[in-house]
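The next block is upload-v6.cif, given as mmCIF, C-alpha atoms and all ligand atoms.
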data_query
#
loop_
_atom_site.label_atom_id
_atom_site.label_comp_id
_atom_site.auth_asym_id
_atom_site.auth_seq_id
_atom_site.Cartn_x
_atom_site.Cartn_y
_atom_site.Cartn_z
CA MET A 1 -36.90 -32.35 -65.40
CA ILE A 2 -37.49 -35.66 -63.71
CA SER A 3 -39.92 -37.45 -65.96
CA ASN A 4 -42.67 -39.19 -64.12
CA PRO A 5 -41.27 -42.66 -63.83
CA THR A 6 -43.35 -45.78 -63.80
CA ALA A 7 -40.56 -48.25 -64.31
CA SER A 8 -36.95 -47.77 -63.46
CA SER A 9 -33.70 -49.26 -64.54
CA CYS A 10 -32.97 -49.74 -60.84
CA GLU A 11 -35.84 -52.16 -60.21
CA ALA A 12 -33.61 -55.18 -60.66
CA TYR A 13 -31.81 -54.67 -57.36
CA SER A 14 -34.63 -53.18 -55.30
CA SER A 15 -36.62 -56.36 -55.27
CA SER A 16 -37.73 -57.85 -51.97
CA VAL A 17 -37.94 -61.35 -53.41
CA GLU A 18 -36.07 -63.78 -51.19
CA GLY A 19 -32.64 -64.59 -52.57
CA ALA A 20 -32.56 -61.47 -54.78
CA PRO A 21 -29.25 -59.61 -54.77
CA ARG A 22 -28.95 -56.81 -52.26
CA GLN A 23 -28.68 -53.26 -53.54
CA ARG A 24 -25.07 -52.15 -53.08
CA VAL A 25 -24.88 -48.67 -51.61
CA ALA A 26 -22.04 -46.15 -51.31
CA ILE A 27 -22.57 -43.32 -48.80
CA LEU A 28 -20.58 -40.14 -49.36
CA GLY A 29 -20.57 -38.18 -46.10
CA CYS A 30 -21.48 -41.10 -43.83
CA THR A 31 -20.47 -39.22 -40.67
CA GLY A 32 -23.03 -36.43 -41.07
CA SER A 33 -26.64 -36.17 -40.01
CA ILE A 34 -27.98 -37.66 -43.28
CA GLY A 35 -25.14 -40.18 -43.50
CA ALA A 36 -25.80 -41.52 -40.00
CA GLN A 37 -29.51 -41.83 -40.69
CA ALA A 38 -28.76 -43.59 -43.98
CA LEU A 39 -26.64 -46.10 -42.09
CA ASP A 40 -29.59 -46.67 -39.80
CA VAL A 41 -31.80 -47.41 -42.80
CA CYS A 42 -29.16 -49.87 -44.06
CA ARG A 43 -29.06 -51.45 -40.59
CA GLN A 44 -32.84 -51.91 -40.55
CA HIS A 45 -32.96 -53.31 -44.07
CA ALA A 46 -29.78 -55.36 -44.03
CA ASP A 47 -31.52 -58.04 -46.11
CA ARG A 48 -31.98 -55.56 -48.95
CA LEU A 49 -29.09 -53.11 -48.65
CA GLN A 50 -25.36 -53.74 -48.55
CA VAL A 51 -22.97 -50.91 -47.68
CA VAL A 52 -20.01 -51.15 -50.05
CA ALA A 53 -18.26 -47.78 -49.65
CA LEU A 54 -18.17 -44.88 -47.20
CA SER A 55 -16.57 -41.46 -47.01
CA ALA A 56 -15.86 -39.09 -44.13
CA HIS A 57 -14.08 -35.75 -44.12
CA SER A 58 -12.76 -35.40 -40.57
CA ARG A 59 -14.64 -37.74 -38.24
CA THR A 60 -12.49 -40.79 -38.81
CA GLU A 61 -13.54 -42.57 -35.61
CA GLU A 62 -17.15 -42.65 -36.76
CA LEU A 63 -15.98 -43.81 -40.16
CA VAL A 64 -14.02 -46.69 -38.67
CA ARG A 65 -16.95 -47.68 -36.45
CA ALA A 66 -19.29 -47.83 -39.46
CA ALA A 67 -16.73 -49.64 -41.62
CA ARG A 68 -16.39 -52.29 -38.91
CA GLU A 69 -20.10 -52.68 -38.31
CA PHE A 70 -20.93 -53.07 -42.01
CA THR A 71 -17.64 -54.72 -43.06
CA VAL A 72 -17.13 -52.14 -45.77
CA PRO A 73 -14.47 -52.95 -48.39
CA ILE A 74 -13.64 -49.35 -49.46
CA VAL A 75 -13.57 -46.13 -47.44
CA ALA A 76 -12.33 -42.60 -48.09
CA VAL A 77 -11.08 -39.76 -45.90
CA THR A 78 -11.49 -36.57 -47.93
CA ASP A 79 -9.61 -34.22 -45.59
CA PRO A 80 -5.90 -35.08 -46.03
CA ALA A 81 -5.24 -33.64 -42.55
CA HIS A 82 -7.04 -36.72 -41.16
CA ALA A 83 -5.45 -39.31 -43.44
CA GLU A 84 -2.98 -40.36 -40.75
CA ASP A 85 -5.43 -40.54 -37.82
CA SER A 86 -4.34 -43.43 -35.63
CA CYS A 87 -7.87 -44.89 -35.44
CA LEU A 88 -7.64 -45.77 -39.14
CA SER A 89 -5.45 -48.70 -38.18
CA GLU A 90 -8.65 -50.23 -36.74
CA LEU A 91 -10.28 -50.49 -40.18
CA PRO A 92 -11.32 -54.06 -41.01
CA GLU A 93 -8.57 -56.13 -42.54
CA GLY A 94 -8.50 -55.74 -46.30
CA THR A 95 -10.49 -52.48 -46.32
CA LYS A 96 -9.05 -50.14 -48.91
CA LEU A 97 -8.47 -46.52 -47.84
CA LEU A 98 -8.62 -43.63 -50.31
CA VAL A 99 -7.52 -40.12 -49.37
CA GLY A 100 -8.29 -36.57 -50.59
CA GLU A 101 -11.18 -34.70 -52.18
CA SER A 102 -10.91 -36.59 -55.47
CA ALA A 103 -11.78 -39.79 -53.57
CA LEU A 104 -15.45 -38.73 -53.73
CA GLU A 105 -15.40 -39.11 -57.50
CA GLU A 106 -13.61 -42.44 -57.22
CA LEU A 107 -16.34 -43.75 -54.92
CA ALA A 108 -19.00 -42.30 -57.24
CA VAL A 109 -17.98 -44.58 -60.10
CA LEU A 110 -17.11 -47.76 -58.19
CA PRO A 111 -18.22 -50.82 -60.16
CA GLU A 112 -19.12 -52.41 -56.79
CA ALA A 113 -21.93 -49.86 -56.13
CA ASP A 114 -25.42 -49.74 -57.66
CA THR A 115 -26.52 -46.62 -55.79
CA VAL A 116 -24.59 -43.66 -54.45
CA LEU A 117 -26.03 -41.48 -51.70
CA VAL A 118 -24.38 -38.06 -51.95
CA SER A 119 -24.79 -36.61 -48.48
CA VAL A 120 -21.69 -34.45 -48.13
CA VAL A 121 -22.36 -30.79 -47.41
CA GLY A 122 -21.62 -27.96 -49.86
CA ALA A 123 -20.74 -27.48 -53.50
CA VAL A 124 -17.98 -30.07 -53.11
CA GLY A 125 -20.71 -32.67 -53.79
CA LEU A 126 -21.32 -31.53 -57.37
CA ARG A 127 -18.49 -33.43 -59.06
CA ALA A 128 -19.48 -36.64 -57.32
CA SER A 129 -23.17 -36.25 -58.26
CA TYR A 130 -22.14 -35.63 -61.85
CA ALA A 131 -19.91 -38.70 -61.87
CA VAL A 132 -22.68 -40.92 -60.43
CA LEU A 133 -25.10 -39.94 -63.18
CA LYS A 134 -22.43 -40.31 -65.88
CA ALA A 135 -21.68 -43.80 -64.58
CA GLY A 136 -25.36 -44.72 -64.95
CA LYS A 137 -25.87 -45.48 -61.25
CA ARG A 138 -28.77 -44.47 -59.06
CA LEU A 139 -28.12 -41.10 -57.43
CA ALA A 140 -29.82 -40.66 -54.06
CA LEU A 141 -29.26 -36.94 -53.70
CA ALA A 142 -29.28 -35.18 -50.34
CA ASN A 143 -26.63 -32.65 -51.35
CA LYS A 144 -28.95 -29.94 -52.66
CA GLU A 145 -25.99 -27.67 -53.43
CA SER A 146 -25.23 -30.00 -56.37
CA LEU A 147 -28.51 -29.06 -58.02
CA VAL A 148 -28.42 -25.39 -57.02
CA VAL A 149 -24.95 -24.92 -58.50
CA GLY A 150 -24.90 -27.46 -61.30
CA GLY A 151 -28.50 -28.45 -62.03
CA ASP A 152 -28.04 -27.30 -65.63
CA LEU A 153 -25.32 -29.94 -66.03
CA LEU A 154 -26.92 -32.70 -63.94
CA MET A 155 -30.51 -32.74 -65.14
CA PRO A 156 -29.77 -33.52 -68.81
CA LEU A 157 -27.83 -36.60 -67.61
CA ALA A 158 -30.58 -38.04 -65.37
CA GLN A 159 -32.54 -40.93 -66.85
CA PRO A 160 -36.07 -41.66 -65.56
CA GLY A 161 -35.84 -43.12 -62.05
CA GLN A 162 -32.11 -42.48 -61.81
CA LEU A 163 -32.05 -39.33 -59.65
CA LEU A 164 -34.01 -39.77 -56.43
CA PRO A 165 -34.27 -36.66 -54.24
CA VAL A 166 -33.59 -37.15 -50.53
CA ASP A 167 -34.50 -33.61 -49.48
CA SER A 168 -37.81 -34.24 -47.71
CA GLU A 169 -39.85 -31.68 -49.67
CA HIS A 170 -38.56 -32.93 -53.02
CA SER A 171 -39.12 -36.54 -52.09
CA ALA A 172 -42.67 -35.51 -51.12
CA ILE A 173 -43.24 -33.69 -54.41
CA PHE A 174 -41.80 -36.62 -56.37
CA GLN A 175 -44.34 -38.87 -54.64
CA CYS A 176 -47.25 -36.42 -55.22
CA LEU A 177 -46.40 -36.52 -58.94
CA LEU A 178 -46.43 -40.31 -59.32
CA GLY A 179 -48.95 -41.35 -61.95
CA GLU A 180 -49.81 -37.73 -62.83
CA ARG A 181 -49.17 -35.67 -65.95
CA ALA A 182 -46.53 -32.94 -65.73
CA GLU A 183 -48.54 -30.65 -68.05
CA GLU A 184 -51.47 -30.76 -65.59
CA ILE A 185 -49.53 -29.27 -62.66
CA HIS A 186 -50.76 -25.84 -61.64
CA CYS A 187 -48.10 -25.21 -58.98
CA ILE A 188 -45.96 -26.81 -56.30
CA TRP A 189 -46.48 -25.61 -52.71
CA LEU A 190 -43.06 -25.93 -51.12
CA THR A 191 -43.50 -26.15 -47.37
CA CYS A 192 -41.14 -24.61 -44.83
CA SER A 193 -41.03 -24.83 -41.04
CA GLY A 194 -40.15 -21.13 -40.83
CA GLY A 195 -37.10 -21.94 -38.69
CA PRO A 196 -36.36 -20.64 -35.19
CA PHE A 197 -36.97 -16.98 -36.07
CA PHE A 198 -40.39 -17.20 -37.68
CA GLY A 199 -42.39 -13.99 -37.11
CA ARG A 200 -39.36 -11.79 -36.38
CA ASN A 201 -38.80 -8.54 -38.25
CA ARG A 202 -35.49 -7.31 -39.64
CA GLU A 203 -34.40 -5.46 -36.48
CA GLU A 204 -35.14 -8.49 -34.35
CA LEU A 205 -32.88 -10.61 -36.56
CA GLU A 206 -29.85 -8.30 -36.24
CA GLY A 207 -28.48 -9.62 -32.95
CA VAL A 208 -29.44 -13.30 -33.00
CA THR A 209 -26.70 -15.60 -31.76
CA ARG A 210 -25.14 -18.77 -33.13
CA ALA A 211 -26.79 -20.85 -30.39
CA GLN A 212 -30.23 -19.38 -31.12
CA ALA A 213 -29.81 -19.99 -34.86
CA LEU A 214 -28.74 -23.60 -34.26
CA ALA A 215 -31.92 -24.38 -32.29
CA HIS A 216 -34.20 -25.57 -35.09
CA PRO A 217 -37.79 -26.20 -33.95
CA THR A 218 -38.55 -29.42 -35.84
CA TRP A 219 -35.51 -30.93 -37.62
CA ASN A 220 -32.18 -32.10 -36.23
CA MET A 221 -29.60 -31.48 -38.97
CA GLY A 222 -25.95 -30.57 -39.64
CA ALA A 223 -24.83 -27.07 -38.61
CA LYS A 224 -24.65 -25.54 -42.10
CA ILE A 225 -28.16 -26.49 -43.20
CA THR A 226 -29.51 -25.51 -39.78
CA ILE A 227 -28.21 -21.96 -40.31
CA ASP A 228 -29.58 -22.01 -43.86
CA SER A 229 -32.94 -22.96 -42.36
CA ALA A 230 -32.76 -20.04 -39.93
CA THR A 231 -32.01 -17.51 -42.71
CA LEU A 232 -34.48 -19.29 -45.07
CA MET A 233 -31.66 -19.61 -47.61
CA ASN A 234 -32.40 -23.31 -47.36
CA LYS A 235 -35.88 -22.68 -48.74
CA GLY A 236 -34.46 -20.44 -51.42
CA PHE A 237 -32.11 -23.25 -52.44
CA GLU A 238 -35.00 -25.69 -52.39
CA ARG A 239 -37.02 -23.55 -54.83
CA ILE A 240 -34.09 -23.69 -57.24
CA GLU A 241 -33.73 -27.41 -56.56
CA ALA A 242 -37.45 -27.98 -57.26
CA ALA A 243 -37.32 -25.86 -60.42
CA GLN A 244 -34.46 -28.03 -61.67
CA LEU A 245 -35.99 -31.36 -60.67
CA PHE A 246 -39.55 -30.75 -61.77
CA GLY A 247 -39.08 -28.29 -64.64
CA LEU A 248 -41.32 -25.50 -63.34
CA PRO A 249 -40.45 -21.78 -63.21
CA MET A 250 -39.78 -20.29 -59.75
CA GLU A 251 -43.09 -18.35 -59.70
CA ARG A 252 -44.99 -21.63 -59.81
CA ILE A 253 -43.17 -22.90 -56.71
CA PRO A 254 -44.49 -20.70 -53.89
CA VAL A 255 -43.19 -21.16 -50.35
CA LEU A 256 -45.71 -22.02 -47.67
CA ILE A 257 -44.88 -21.88 -43.97
CA GLN A 258 -46.09 -25.06 -42.25
CA ARG A 259 -44.86 -24.73 -38.70
CA GLU A 260 -45.49 -28.30 -37.63
CA SER A 261 -43.41 -29.85 -40.50
CA ARG A 262 -46.10 -32.49 -41.04
CA VAL A 263 -47.03 -31.52 -44.59
CA HIS A 264 -43.83 -32.05 -46.54
CA SER A 265 -45.09 -30.26 -49.66
CA MET A 266 -48.10 -30.30 -51.98
CA VAL A 267 -48.79 -30.35 -55.71
CA GLU A 268 -51.81 -28.44 -57.00
CA TYR A 269 -53.25 -29.55 -60.33
CA VAL A 270 -55.12 -27.56 -62.98
CA ASP A 271 -58.49 -28.91 -61.79
CA GLY A 272 -57.90 -27.45 -58.31
CA ALA A 273 -57.09 -30.79 -56.66
CA VAL A 274 -54.20 -30.54 -54.21
CA ILE A 275 -52.20 -33.66 -53.36
CA ALA A 276 -50.20 -33.34 -50.14
CA HIS A 277 -47.54 -35.58 -48.66
CA LEU A 278 -47.73 -35.98 -44.88
CA GLY A 279 -45.63 -37.96 -42.48
CA ALA A 280 -43.22 -37.97 -39.57
CA SER A 281 -40.44 -35.33 -39.50
CA ASP A 282 -37.80 -38.02 -39.85
CA MET A 283 -35.22 -37.91 -42.64
CA ARG A 284 -34.95 -41.69 -42.64
CA LEU A 285 -38.25 -41.75 -44.55
CA PRO A 286 -37.05 -39.87 -47.66
CA ILE A 287 -33.61 -41.50 -47.43
CA GLN A 288 -35.24 -44.92 -47.41
CA TYR A 289 -37.60 -44.05 -50.25
CA ALA A 290 -34.67 -42.94 -52.41
CA LEU A 291 -33.24 -46.44 -51.88
CA SER A 292 -36.46 -48.47 -52.03
CA TYR A 293 -38.14 -46.72 -54.98
CA PRO A 294 -40.27 -47.94 -56.72
CA GLU A 295 -41.02 -50.16 -53.72
CA ARG A 296 -42.08 -49.09 -50.25
CA TRP A 297 -40.49 -50.81 -47.27
CA GLU A 298 -41.54 -50.95 -43.61
CA THR A 299 -41.02 -47.53 -41.97
CA PRO A 300 -37.98 -46.95 -39.76
CA ALA A 301 -39.87 -44.18 -37.89
CA GLU A 302 -42.77 -43.91 -35.48
CA ARG A 303 -46.14 -43.59 -37.20
CA ILE A 304 -48.21 -40.45 -36.62
CA ASP A 305 -51.58 -40.76 -34.94
CA PHE A 306 -53.40 -37.92 -36.70
CA ARG A 307 -56.07 -37.89 -33.99
CA THR A 308 -53.50 -36.50 -31.59
CA ILE A 309 -51.70 -33.78 -33.54
CA GLY A 310 -54.36 -31.05 -33.33
CA SER A 311 -54.20 -28.33 -35.95
CA LEU A 312 -51.95 -27.76 -38.94
CA THR A 313 -51.12 -24.12 -39.64
CA PHE A 314 -50.20 -22.37 -42.90
CA ASP A 315 -48.61 -18.93 -43.35
CA ALA A 316 -46.86 -16.83 -45.97
CA PRO A 317 -43.09 -16.21 -45.60
CA ASP A 318 -41.66 -12.71 -45.05
CA PRO A 319 -38.98 -12.10 -47.73
CA GLU A 320 -38.31 -8.58 -46.37
CA ALA A 321 -37.09 -9.88 -43.04
CA PHE A 322 -35.57 -13.04 -44.53
CA ARG A 323 -33.70 -11.53 -47.46
CA CYS A 324 -32.00 -14.79 -48.42
CA LEU A 325 -35.33 -15.96 -49.76
CA ALA A 326 -35.52 -12.94 -52.09
CA LEU A 327 -31.84 -13.31 -53.08
CA ALA A 328 -32.32 -16.96 -54.00
CA GLU A 329 -35.37 -16.03 -56.04
CA GLU A 330 -33.34 -13.41 -57.89
CA ALA A 331 -30.49 -15.86 -58.55
CA GLY A 332 -32.91 -18.60 -59.57
CA ARG A 333 -34.72 -16.33 -62.03
CA THR A 334 -31.43 -15.08 -63.47
CA GLY A 335 -30.25 -18.67 -63.73
CA GLY A 336 -26.97 -19.70 -65.37
CA THR A 337 -24.03 -19.13 -63.05
CA ALA A 338 -25.92 -16.86 -60.59
CA PRO A 339 -26.96 -19.73 -58.26
CA CYS A 340 -23.31 -20.84 -58.12
CA VAL A 341 -22.40 -17.41 -56.72
CA LEU A 342 -25.41 -17.47 -54.40
CA ASN A 343 -24.24 -20.77 -52.95
CA ALA A 344 -20.52 -20.03 -52.67
CA ALA A 345 -21.06 -16.66 -50.98
CA ASN A 346 -23.54 -18.28 -48.62
CA GLU A 347 -21.13 -21.08 -47.71
CA VAL A 348 -18.44 -18.55 -46.79
CA ALA A 349 -20.83 -16.31 -44.83
CA VAL A 350 -22.42 -19.20 -42.94
CA ALA A 351 -18.98 -20.54 -41.98
CA ALA A 352 -18.09 -17.05 -40.69
CA PHE A 353 -21.33 -16.84 -38.71
CA LEU A 354 -20.69 -20.29 -37.22
CA ALA A 355 -17.18 -19.11 -36.27
CA GLU A 356 -18.86 -16.07 -34.65
CA SER A 357 -16.92 -13.70 -36.88
CA CYS A 358 -19.95 -12.06 -38.52
CA SER A 359 -23.54 -11.26 -37.61
CA PHE A 360 -26.62 -13.17 -38.74
CA THR A 361 -27.75 -10.41 -41.11
CA ALA A 362 -24.23 -10.13 -42.59
CA ILE A 363 -24.98 -13.45 -44.28
CA ASP A 364 -27.55 -11.99 -46.67
CA ALA A 365 -25.55 -8.77 -47.04
CA CYS A 366 -22.55 -10.82 -48.17
CA VAL A 367 -24.60 -12.88 -50.64
CA ALA A 368 -26.24 -9.73 -52.04
CA HIS A 369 -22.81 -8.12 -52.52
CA CYS A 370 -21.42 -11.09 -54.45
CA LEU A 371 -24.50 -11.41 -56.67
CA GLU A 372 -24.32 -7.68 -57.48
CA HIS A 373 -20.72 -8.07 -58.64
CA HIS A 374 -21.32 -11.07 -60.87
CA ASP A 375 -22.42 -11.09 -64.51
CA ALA A 376 -24.26 -14.36 -64.88
CA ARG A 377 -23.43 -16.55 -67.85
CA ARG A 378 -24.77 -19.78 -69.24
CA VAL A 379 -23.47 -22.85 -67.39
CA GLU A 380 -20.97 -24.66 -69.62
CA SER A 381 -18.83 -26.99 -67.58
CA LEU A 382 -17.74 -28.17 -64.14
CA GLU A 383 -14.47 -26.27 -64.62
CA GLN A 384 -16.30 -23.00 -65.33
CA LEU A 385 -18.44 -23.47 -62.19
CA HIS A 386 -15.33 -24.27 -60.18
CA ASP A 387 -13.70 -20.99 -61.26
CA ILE A 388 -16.80 -18.93 -60.49
CA ASP A 389 -17.18 -20.67 -57.13
CA ARG A 390 -13.58 -19.71 -56.27
CA TRP A 391 -14.12 -16.12 -57.34
CA ALA A 392 -17.30 -15.84 -55.25
CA ARG A 393 -15.60 -17.32 -52.17
CA ALA A 394 -12.75 -14.82 -52.44
CA GLU A 395 -15.17 -11.93 -52.97
CA ALA A 396 -17.28 -13.04 -49.99
CA SER A 397 -14.21 -13.26 -47.75
CA ARG A 398 -13.12 -9.76 -48.84
CA PHE A 399 -16.58 -8.39 -48.12
CA LEU A 400 -16.75 -9.95 -44.66
CA ALA A 401 -13.21 -8.79 -43.80
CA GLY A 402 -14.31 -5.24 -44.67
CA LEU A 403 -17.13 -5.44 -42.11
CA SER A 404 -14.95 -6.24 -39.14
P1 LIG A 501 -23.47 -32.63 -41.81
O1 LIG A 501 -22.71 -31.40 -41.57
O2 LIG A 501 -24.13 -33.29 -40.65
O3 LIG A 501 -22.56 -33.72 -42.54
C1 LIG A 501 -21.78 -33.36 -43.63
C2 LIG A 501 -21.01 -34.56 -44.16
O4 LIG A 501 -20.18 -34.11 -45.22
C3 LIG A 501 -20.11 -35.21 -43.13
O5 LIG A 501 -19.99 -36.57 -43.40
C4 LIG A 501 -18.77 -34.50 -43.35
O6 LIG A 501 -17.64 -35.28 -42.94
C5 LIG A 501 -18.79 -34.37 -44.87
N1 LIG A 501 -18.00 -33.25 -45.36
C6 LIG A 501 -17.90 -32.01 -44.81
N2 LIG A 501 -17.08 -31.24 -45.56
C7 LIG A 501 -16.65 -32.00 -46.58
C8 LIG A 501 -15.75 -31.79 -47.67
N3 LIG A 501 -15.14 -30.61 -47.88
N4 LIG A 501 -15.53 -32.82 -48.54
C9 LIG A 501 -16.15 -34.01 -48.37
N5 LIG A 501 -16.99 -34.28 -47.35
C10 LIG A 501 -17.25 -33.28 -46.47
O7 LIG A 501 -24.56 -32.27 -42.95
P2 LIG A 501 -26.00 -32.90 -43.18
O8 LIG A 501 -25.94 -34.38 -43.09
O9 LIG A 501 -26.99 -32.17 -42.36
O10 LIG A 501 -26.29 -32.46 -44.69
C11 LIG A 501 -25.65 -33.10 -45.76
C12 LIG A 501 -26.28 -32.62 -47.06
O11 LIG A 501 -27.66 -33.05 -47.07
C13 LIG A 501 -26.30 -31.11 -47.22
O12 LIG A 501 -26.13 -30.79 -48.57
C14 LIG A 501 -27.69 -30.71 -46.77
O13 LIG A 501 -28.15 -29.53 -47.39
C15 LIG A 501 -28.52 -31.91 -47.23
N6 LIG A 501 -29.74 -32.13 -46.48
C16 LIG A 501 -29.66 -32.40 -45.13
C17 LIG A 501 -30.82 -32.60 -44.40
C18 LIG A 501 -30.76 -32.96 -42.95
O14 LIG A 501 -31.81 -33.24 -42.35
N7 LIG A 501 -29.62 -32.99 -42.31
C19 LIG A 501 -32.15 -32.50 -45.03
C20 LIG A 501 -32.10 -32.26 -46.44
C21 LIG A 501 -30.94 -32.08 -47.14
P3 LIG A 501 -17.07 -35.19 -41.41
O15 LIG A 501 -18.25 -35.10 -40.53
O16 LIG A 501 -16.34 -36.50 -41.29
O17 LIG A 501 -16.16 -34.02 -41.32
MG MG A 502 -35.64 -29.82 -47.13
#
Is it possible to express this structure as structure tokens?
Amino acid sequence: MISNPTASSCEAYSSSVEGAPRQRVAILGCTGSIGAQALDVCRQHADRLQVVALSAHSRTEELVRAAREFTVPIVAVTDPAHAEDSCLSELPEGTKLLVGESALEELAVLPEADTVLVSVVGAVGLRASYAVLKAGKRLALANKESLVVGGDLLMPLAQPGQLLPVDSEHSAIFQCLLGERAEEIHCIWLTCSGGPFFGRNREELEGVTRAQALAHPTWNMGAKITIDSATLMNKGFERIEAAQLFGLPMERIPVLIQRESRVHSMVEYVDGAVIAHLGASDMRLPIQYALSYPERWETPAERIDFRTIGSLTFDAPDPEAFRCLALAEEAGRTGGTAPCVLNAANEVAVAAFLAESCSFTAIDACVAHCLEHHDARRVESLEQLHDIDRWARAEASRFLAGLS
């Protein structure tokens, strides 16, 4: 688990003292929702943060624009199909270009970077997260799939203050734990917006469309996590992520629907005191905190006037309608390689739903099928997880093909 850090090895380059060296940041997945917001944080704190490396998968024009704005010395295009895009000739003179999936790991260990923000989507982020920790750099981790799939490998590597969660709930929990004793935690209330289909029963979920599922009520995110938020698989992943980060069993991490997304999670202590983290629904806050920790810098977002927000509501989730929540609980309790299968099957099914080649409820059916056909084992290595991931993707594709 993340020990409760009071001092961190990263303090040296997060100082705001005039003339202090800037923290050198690599952003993996700079063209995504998190990546773009991270660039905005770097823009607003240019005196403290220096962008030294960027990766994109397919959106090379955005990559080039960012590389030019921040005069970035090293960039990577991970999809080889985009390695020859003509816009790449517009990269700043002297900028080095890496190509292919393995470029993520190369960026992860760059001597020029102090901190690596892993904000690519999917299990593809795991190897990079692992490499960042191995290299002793600060890991600002948005890619929750890394922890879901490979938390058993990552957590033993993380030194105090080295792994900073970017996921808003986990950043909130991390902050609610500061200065407290881990053995005095009663439970962690993991909050959840409920997504666009809150309150619907199973039948009402059957025919929901791609467009309806992409219309998230409070957060503006990449397509994959938006679908995960609609199925509540995202919350299931986040329970596993919290269990890994904070060392609590799943049953002590209940999910709490908080429709307004103002309370970003809460920690309840043995004496009944509950410490909540509140703030704007703006991912730049947790991104910035992962870079500024242990300091706090001026907010990039609008402040909330609590006199104007009215009521905050709390509800229980419905795991019968939203089966992904129950499936993630099952995989999390089983542990070992089960969450790897959970994630891989979900990635395949969500991609199929986004391509409009399966229904919304086929997503959980597909995940359930793959979990049923897997005998979970202890996690041993990245290679073992890679093999199981490949098996689960093939099994998920077979299952979905059988439905159509
Ligand atoms: P996006 O889909 O918006 O962005 C994904 C990024 O990953 C893009 O830069 C994309 O490149 C890159 N990418 C896609 N496929 C690959 C691949 N195979 N190899 C390498 N890079 C790839 O996602 P988000 O920014 O929304 O989410 C990123 C991560 O952060 C996810 O793990 C998500 O769960 C997590 N997260 C996101 C939150 C949010 O508010 N968005 C909140 C909390 C966590 P390109 O665009 O160039 O193709
Ligand atoms: Mg979250």
>> Please report the interatomic distance between CA of Cys358 (chain A) and CA of Leu400 (chain A) in Å with one decimal.
In response: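 So the two atoms, CA of Cys358 (chain A) and CA of Leu400 (chain A), lie 7.2 Å apart.
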>> Rounded to one decimal, what separation in Å do you get between CA of Leu403 (chain A) and CA of Ala351 (chain A)?
In response: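 Calculated distance between CA of Leu403 (chain A) and CA of Ala351 (chain A) is 15.2 Å.
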> Closest to ligand LIG 501 (chain A) among A:Gly279, A:Gly247, A:Gly125, A:Gly402, using only C-alpha atoms and all ligand atoms?
Replying inline: A:Gly125
> How would you write, as a ChimeraX atom specification, the set of residues no farther than 10 Å from ligand MG 502 (chain A) when counting only C-alpha atoms and all ligand atoms?
Replying inline: /A:142,144,165-172,190-193,219,225,229,234-235,237-238,241,264-265,283
> Suppose you want the space between atom N7 of ligand LIG 501 (chain A) and CA of Ala36 (chain A); what is it in Å?
Replying inline: 9.6 Å
> Neighbours of Leu49 (chain A) within 12 Å (only C-alpha atoms; same-chain residues fewer than 2 positions away dropped), as an MDAnalysis selection string?
Replying inline: chainID A and resid 13:16 20:27 38:47 51:52 70 113:116 288 291:292 297
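Proximity ranking of A:Glu268, A:Glu372, A:Glu204, A:Asp79 relative to ligand LIG 501 (chain A) places A:Asp79 first, based on only C-alpha atoms and all ligand atoms.
With only C-alpha atoms as the atoms that count, the minimum distance from Arg127 (chain A) to the choices A:Ala53, A:Ala67, A:Leu28, A:Val367 is reached by A:Leu28.
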>> Given the point (-31.9, -43.2, -59.1) in the file's coordinates, find the residues that have an atom at most 10 Å from it, counting all atoms listed in the file, and give them as a list in words.
In response: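 In the file's frame, the residues around the point are Ser8, Ser9, Cys10, Glu11, Asp114, Thr115, Val116, Leu117, Val132, Leu133, Gly136, Lys137, Arg138, Leu139, Ala140, Leu141, Ala158, Gln159, Pro160, Gly161, Gln162, Leu163, Leu164, Pro165, Ala290, Leu291, Ser292, Tyr293 and Pro294 of chain A.
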Against ligand LIG 501 (chain A), which residues of chain A fall within 6 Å? For each one I want the closest pair of atoms and the distance in Å (one decimal), counting only C-alpha atoms and all ligand atoms, rows by chain and increasing residue number, as a tab-separated table.
residue	atom	partner	partner_atom	distance
A:Gly29	CA	A:LIG501	O5	3.2
A:Cys30	CA	A:LIG501	O5	4.8
A:Thr31	CA	A:LIG501	O5	3.8
A:Gly32	CA	A:LIG501	O3	3.1
A:Ser33	CA	A:LIG501	O8	3.6
A:Ile34	CA	A:LIG501	O8	3.9
A:Gly35	CA	A:LIG501	O8	5.9
A:Ala56	CA	A:LIG501	O16	3.9
A:His57	CA	A:LIG501	O16	3.7
A:Ser58	CA	A:LIG501	O17	3.7
A:Arg59	CA	A:LIG501	O16	3.7
A:Thr78	CA	A:LIG501	C9	5.3
A:Glu101	CA	A:LIG501	N4	6.0
A:Ser119	CA	A:LIG501	C12	4.5
A:Val120	CA	A:LIG501	O4	3.3
A:Val121	CA	A:LIG501	O12	3.9
A:Gly122	CA	A:LIG501	O12	5.5
A:Val124	CA	A:LIG501	N4	5.9
A:Ala142	CA	A:LIG501	O11	4.2
A:Asn143	CA	A:LIG501	O12	3.4
A:Lys144	CA	A:LIG501	O12	5.0
A:Glu145	CA	A:LIG501	O12	5.8
A:Asp167	CA	A:LIG501	C20	4.1
A:Met221	CA	A:LIG501	N7	3.7
A:Gly222	CA	A:LIG501	O9	3.3
A:Ala223	CA	A:LIG501	O1	5.7
A:Ile225	CA	A:LIG501	O13	5.2
A:Met283	CA	A:LIG501	O14	5.8
